file my_file-v4.cif (mmCIF, N, CA and C atoms)
data_input
loop_
_atom_site.group_PDB
_atom_site.id
_atom_site.type_symbol
_atom_site.label_atom_id
_atom_site.label_comp_id
_atom_site.auth_asym_id
_atom_site.auth_seq_id
_atom_site.Cartn_x
_atom_site.Cartn_y
_atom_site.Cartn_z
ATOM 1 N N MET A 26 0.833 -1.175 0.000
ATOM 2 C CA MET A 26 0.000 0.000 0.000
ATOM 3 C C MET A 26 0.882 1.244 0.000
ATOM 4 N N ALA A 27 0.607 2.166 -0.870
ATOM 5 C CA ALA A 27 1.419 3.385 -0.996
ATOM 6 C C ALA A 27 1.119 4.346 0.153
ATOM 7 N N ASN A 28 2.167 5.038 0.583
ATOM 8 C CA ASN A 28 1.988 6.057 1.620
ATOM 9 C C ASN A 28 1.343 7.285 1.006
ATOM 10 N N LYS A 29 0.332 7.806 1.677
ATOM 11 C CA LYS A 29 -0.312 9.025 1.205
ATOM 12 C C LYS A 29 0.243 10.188 2.000
ATOM 13 N N VAL A 30 0.737 11.191 1.315
ATOM 14 C CA VAL A 30 1.252 12.393 1.948
ATOM 15 C C VAL A 30 0.290 13.527 1.633
ATOM 16 N N SER A 31 -0.169 14.188 2.653
ATOM 17 C CA SER A 31 -1.084 15.302 2.455
ATOM 18 C C SER A 31 -0.343 16.479 1.847
ATOM 19 N N ARG A 32 -1.003 17.160 0.977
ATOM 20 C CA ARG A 32 -0.441 18.370 0.368
ATOM 21 C C ARG A 32 -1.357 19.534 0.730
ATOM 22 N N TYR A 33 -0.733 20.629 1.092
ATOM 23 C CA TYR A 33 -1.494 21.789 1.534
ATOM 24 C C TYR A 33 -1.125 22.993 0.684
ATOM 25 N N ASN A 34 -2.114 23.852 0.444
ATOM 26 C CA ASN A 34 -1.825 25.070 -0.298
ATOM 27 C C ASN A 34 -1.432 26.186 0.685
ATOM 28 N N ASN A 35 -1.022 27.324 0.143
ATOM 29 C CA ASN A 35 -0.553 28.424 0.998
ATOM 30 C C ASN A 35 -1.626 28.922 1.954
ATOM 31 N N GLU A 36 -2.861 28.926 1.520
ATOM 32 C CA GLU A 36 -3.951 29.383 2.390
ATOM 33 C C GLU A 36 -4.108 28.451 3.597
ATOM 34 N N GLN A 37 -3.990 27.160 3.359
ATOM 35 C CA GLN A 37 -4.087 26.200 4.456
ATOM 36 C C GLN A 37 -2.912 26.351 5.423
ATOM 37 N N TRP A 38 -1.715 26.625 4.895
ATOM 38 C CA TRP A 38 -0.564 26.854 5.772
ATOM 39 C C TRP A 38 -0.773 28.104 6.612
ATOM 40 N N GLU A 39 -1.300 29.154 6.002
ATOM 41 C CA GLU A 39 -1.560 30.391 6.743
ATOM 42 C C GLU A 39 -2.610 30.166 7.830
ATOM 43 N N THR A 40 -3.627 29.380 7.516
ATOM 44 C CA THR A 40 -4.650 29.051 8.511
ATOM 45 C C THR A 40 -4.032 28.297 9.677
ATOM 46 N N ALA A 41 -3.169 27.347 9.363
ATOM 47 C CA ALA A 41 -2.483 26.592 10.417
ATOM 48 C C ALA A 41 -1.599 27.505 11.253
ATOM 49 N N LYS A 42 -0.892 28.403 10.596
ATOM 50 C CA LYS A 42 -0.022 29.352 11.304
ATOM 51 C C LYS A 42 -0.841 30.226 12.250
ATOM 52 N N GLU A 43 -1.943 30.753 11.760
ATOM 53 C CA GLU A 43 -2.807 31.596 12.597
ATOM 54 C C GLU A 43 -3.342 30.823 13.794
ATOM 55 N N ALA A 44 -3.706 29.570 13.574
ATOM 56 C CA ALA A 44 -4.220 28.740 14.669
ATOM 57 C C ALA A 44 -3.148 28.510 15.733
ATOM 58 N N VAL A 45 -1.923 28.232 15.289
ATOM 59 C CA VAL A 45 -0.831 28.018 16.238
ATOM 60 C C VAL A 45 -0.534 29.301 17.011
ATOM 61 N N LEU A 46 -0.517 30.426 16.316
ATOM 62 C CA LEU A 46 -0.253 31.700 16.990
ATOM 63 C C LEU A 46 -1.341 32.027 18.012
ATOM 64 N N GLN A 47 -2.590 31.731 17.682
ATOM 65 C CA GLN A 47 -3.683 31.961 18.631
ATOM 66 C C GLN A 47 -3.571 31.020 19.823
ATOM 67 N N GLU A 48 -3.230 29.767 19.558
ATOM 68 C CA GLU A 48 -3.051 28.794 20.632
ATOM 69 C C GLU A 48 -1.925 29.241 21.574
ATOM 70 N N TYR A 49 -0.864 29.780 21.010
ATOM 71 C CA TYR A 49 0.251 30.283 21.809
ATOM 72 C C TYR A 49 -0.191 31.464 22.685
ATOM 73 N N GLU A 50 -0.952 32.382 22.116
ATOM 74 C CA GLU A 50 -1.462 33.517 22.893
ATOM 75 C C GLU A 50 -2.362 33.036 24.028
ATOM 76 N N ASP A 51 -3.212 32.071 23.736
ATOM 77 C CA ASP A 51 -4.080 31.499 24.773
ATOM 78 C C ASP A 51 -3.252 30.836 25.869
ATOM 79 N N TYR A 52 -2.200 30.139 25.469
ATOM 80 C CA TYR A 52 -1.331 29.469 26.439
ATOM 81 C C TYR A 52 -0.626 30.492 27.333
ATOM 82 N N LYS A 53 -0.155 31.574 26.741
ATOM 83 C CA LYS A 53 0.496 32.619 27.540
ATOM 84 C C LYS A 53 -0.484 33.216 28.542
ATOM 85 N N GLN A 54 -1.735 33.376 28.150
ATOM 86 C CA GLN A 54 -2.746 33.895 29.070
ATOM 87 C C GLN A 54 -2.958 32.919 30.228
ATOM 88 N N THR A 55 -2.981 31.634 29.921
ATOM 89 C CA THR A 55 -3.111 30.620 30.972
ATOM 90 C C THR A 55 -1.943 30.708 31.942
ATOM 91 N N LEU A 56 -0.734 30.886 31.414
ATOM 92 C CA LEU A 56 0.443 31.023 32.282
ATOM 93 C C LEU A 56 0.304 32.228 33.206
ATOM 94 N N ARG A 57 -0.173 33.336 32.665
ATOM 95 C CA ARG A 57 -0.369 34.542 33.493
ATOM 96 C C ARG A 57 -1.385 34.287 34.600
ATOM 97 N N GLU A 58 -2.451 33.597 34.249
ATOM 98 C CA GLU A 58 -3.509 33.336 35.224
ATOM 99 C C GLU A 58 -3.067 32.332 36.294
ATOM 100 N N GLN A 59 -2.281 31.338 35.906
ATOM 101 C CA GLN A 59 -1.887 30.277 36.825
ATOM 102 C C GLN A 59 -0.704 30.640 37.714
ATOM 103 N N GLY A 60 0.112 31.567 37.270
ATOM 104 C CA GLY A 60 1.207 32.030 38.107
ATOM 105 C C GLY A 60 2.553 31.380 37.824
ATOM 106 N N VAL A 61 3.514 31.755 38.658
ATOM 107 C CA VAL A 61 4.913 31.385 38.458
ATOM 108 C C VAL A 61 5.147 29.881 38.582
ATOM 109 N N ASP A 62 4.614 29.251 39.614
ATOM 110 C CA ASP A 62 4.854 27.817 39.805
ATOM 111 C C ASP A 62 4.368 27.002 38.603
ATOM 112 N N TYR A 63 3.176 27.321 38.119
ATOM 113 C CA TYR A 63 2.619 26.634 36.952
ATOM 114 C C TYR A 63 3.509 26.869 35.735
ATOM 115 N N THR A 64 3.972 28.093 35.565
ATOM 116 C CA THR A 64 4.821 28.428 34.427
ATOM 117 C C THR A 64 6.127 27.646 34.476
ATOM 118 N N ILE A 65 6.717 27.546 35.649
ATOM 119 C CA ILE A 65 7.962 26.799 35.798
ATOM 120 C C ILE A 65 7.739 25.322 35.471
ATOM 121 N N LYS A 66 6.653 24.759 35.968
ATOM 122 C CA LYS A 66 6.361 23.344 35.715
ATOM 123 C C LYS A 66 6.118 23.064 34.228
ATOM 124 N N ASN A 67 5.634 24.067 33.516
ATOM 125 C CA ASN A 67 5.283 23.890 32.109
ATOM 126 C C ASN A 67 6.231 24.632 31.165
ATOM 127 N N SER A 68 7.429 24.892 31.626
ATOM 128 C CA SER A 68 8.369 25.689 30.836
ATOM 129 C C SER A 68 8.787 24.991 29.537
ATOM 130 N N ARG A 69 8.835 23.669 29.548
ATOM 131 C CA ARG A 69 9.210 22.945 28.324
ATOM 132 C C ARG A 69 8.204 23.226 27.207
ATOM 133 N N GLN A 70 6.927 23.180 27.522
ATOM 134 C CA GLN A 70 5.899 23.460 26.518
ATOM 135 C C GLN A 70 6.016 24.902 26.027
ATOM 136 N N LEU A 71 6.317 25.815 26.928
ATOM 137 C CA LEU A 71 6.492 27.214 26.550
ATOM 138 C C LEU A 71 7.645 27.355 25.557
ATOM 139 N N LEU A 72 8.749 26.687 25.818
ATOM 140 C CA LEU A 72 9.898 26.756 24.909
ATOM 141 C C LEU A 72 9.571 26.176 23.540
ATOM 142 N N ILE A 73 8.816 25.098 23.517
ATOM 143 C CA ILE A 73 8.415 24.502 22.243
ATOM 144 C C ILE A 73 7.566 25.485 21.443
ATOM 145 N N TYR A 74 6.598 26.101 22.110
ATOM 146 C CA TYR A 74 5.778 27.121 21.439
ATOM 147 C C TYR A 74 6.644 28.253 20.916
ATOM 148 N N GLN A 75 7.556 28.749 21.742
ATOM 149 C CA GLN A 75 8.390 29.877 21.339
ATOM 150 C C GLN A 75 9.243 29.540 20.121
ATOM 151 N N ASP A 76 9.818 28.345 20.105
ATOM 152 C CA ASP A 76 10.618 27.932 18.950
ATOM 153 C C ASP A 76 9.766 27.836 17.695
ATOM 154 N N LEU A 77 8.616 27.211 17.809
ATOM 155 C CA LEU A 77 7.732 27.062 16.659
ATOM 156 C C LEU A 77 7.257 28.416 16.139
ATOM 157 N N VAL A 78 6.834 29.275 17.037
ATOM 158 C CA VAL A 78 6.343 30.596 16.645
ATOM 159 C C VAL A 78 7.457 31.406 15.984
ATOM 160 N N ALA A 79 8.644 31.379 16.551
ATOM 161 C CA ALA A 79 9.766 32.115 15.962
ATOM 162 C C ALA A 79 10.062 31.604 14.549
ATOM 163 N N GLU A 80 10.041 30.316 14.386
ATOM 164 C CA GLU A 80 10.302 29.717 13.073
ATOM 165 C C GLU A 80 9.229 30.130 12.069
ATOM 166 N N TRP A 81 7.980 30.027 12.482
ATOM 167 C CA TRP A 81 6.886 30.334 11.563
ATOM 168 C C TRP A 81 6.772 31.820 11.261
ATOM 169 N N GLN A 82 7.093 32.668 12.199
ATOM 170 C CA GLN A 82 6.990 34.110 11.952
ATOM 171 C C GLN A 82 8.029 34.584 10.954
ATOM 172 N N HIS A 83 9.175 33.944 10.943
ATOM 173 C CA HIS A 83 10.257 34.445 10.110
ATOM 174 C C HIS A 83 10.503 33.635 8.849
ATOM 175 N N LYS A 84 10.175 32.341 8.899
ATOM 176 C CA LYS A 84 10.551 31.486 7.772
ATOM 177 C C LYS A 84 9.488 30.447 7.454
ATOM 178 N N LEU A 85 8.247 30.825 7.342
ATOM 179 C CA LEU A 85 7.198 29.836 7.056
ATOM 180 C C LEU A 85 7.477 29.105 5.752
ATOM 181 N N GLY A 86 7.939 29.820 4.732
ATOM 182 C CA GLY A 86 8.250 29.173 3.455
ATOM 183 C C GLY A 86 9.297 28.091 3.590
ATOM 184 N N THR A 87 10.309 28.340 4.400
ATOM 185 C CA THR A 87 11.362 27.352 4.634
ATOM 186 C C THR A 87 10.816 26.143 5.369
ATOM 187 N N VAL A 88 9.960 26.384 6.355
ATOM 188 C CA VAL A 88 9.356 25.282 7.107
ATOM 189 C C VAL A 88 8.532 24.401 6.170
ATOM 190 N N ILE A 89 7.748 25.024 5.314
ATOM 191 C CA ILE A 89 6.921 24.266 4.368
ATOM 192 C C ILE A 89 7.804 23.424 3.455
ATOM 193 N N THR A 90 8.846 24.021 2.905
ATOM 194 C CA THR A 90 9.756 23.307 2.015
ATOM 195 C C THR A 90 10.429 22.148 2.741
ATOM 196 N N ASP A 91 10.892 22.399 3.951
ATOM 197 C CA ASP A 91 11.543 21.338 4.742
ATOM 198 C C ASP A 91 10.590 20.178 4.992
ATOM 199 N N LEU A 92 9.358 20.490 5.355
ATOM 200 C CA LEU A 92 8.390 19.436 5.626
ATOM 201 C C LEU A 92 8.079 18.631 4.355
ATOM 202 N N LYS A 93 7.957 19.327 3.253
ATOM 203 C CA LYS A 93 7.643 18.635 2.002
ATOM 204 C C LYS A 93 8.782 17.721 1.589
ATOM 205 N N THR A 94 10.026 18.183 1.696
ATOM 206 C CA THR A 94 11.148 17.363 1.255
ATOM 207 C C THR A 94 11.444 16.236 2.238
ATOM 208 N N THR A 95 11.169 16.465 3.515
ATOM 209 C CA THR A 95 11.421 15.433 4.532
ATOM 210 C C THR A 95 10.365 14.344 4.470
ATOM 211 N N CYS A 96 9.131 14.708 4.211
ATOM 212 C CA CYS A 96 8.022 13.758 4.273
ATOM 213 C C CYS A 96 7.827 12.982 2.974
ATOM 214 N N LEU A 97 8.361 13.474 1.902
ATOM 215 C CA LEU A 97 8.150 12.789 0.629
ATOM 216 C C LEU A 97 9.189 11.701 0.432
ATOM 217 N N PRO A 98 8.796 10.592 -0.170
ATOM 218 C CA PRO A 98 9.737 9.491 -0.417
ATOM 219 C C PRO A 98 10.789 9.847 -1.443
#
call {"tool": "encode", "arguments": {"input": "my_file-v4.cif", "output": "structure tokens"}}
result
Amino acid sequence: MANKVSRYNNEQWETAKEAVLQEYEDYKQTLREQGVDYTIKNSRQLLIYQDLVAEWQHKLGTVITDLKTTCLP
């Protein structure tokens, strides 16, 4: 059985980017509401969000290209 790789257009990538950015903003609000101890316990997730957001804000085209070349046989 052949592997099916999903292909997305630029509009779908932008929608995904916007969703991730909104999720990150929501997460930051949760951190503010929960306080320092919660933030420290969840710092790994915060770093993951920050890395992803930084990558997508500056180089979304590169991320798309990397994913396409990595995922394709």
call {"tool": "atom_distance", "arguments": {"input": "my_file-v4.cif", "atom1": "atom CA of A:Ala44", "atom2": "atom CA of A:Asp76"}}
result
15.5 Å
call {"tool": "atom_distance", "arguments": {"input": "my_file-v4.cif", "atom1": "atom CA of A:Leu71", "atom2": "atom N of A:Glu48"}}
result
12.2 Å
call {"tool": "atom_distance", "arguments": {"input": "my_file-v4.cif", "atom1": "atom CA of A:Glu43", "atom2": "atom CA of A:His83"}}
result
13.6 Å
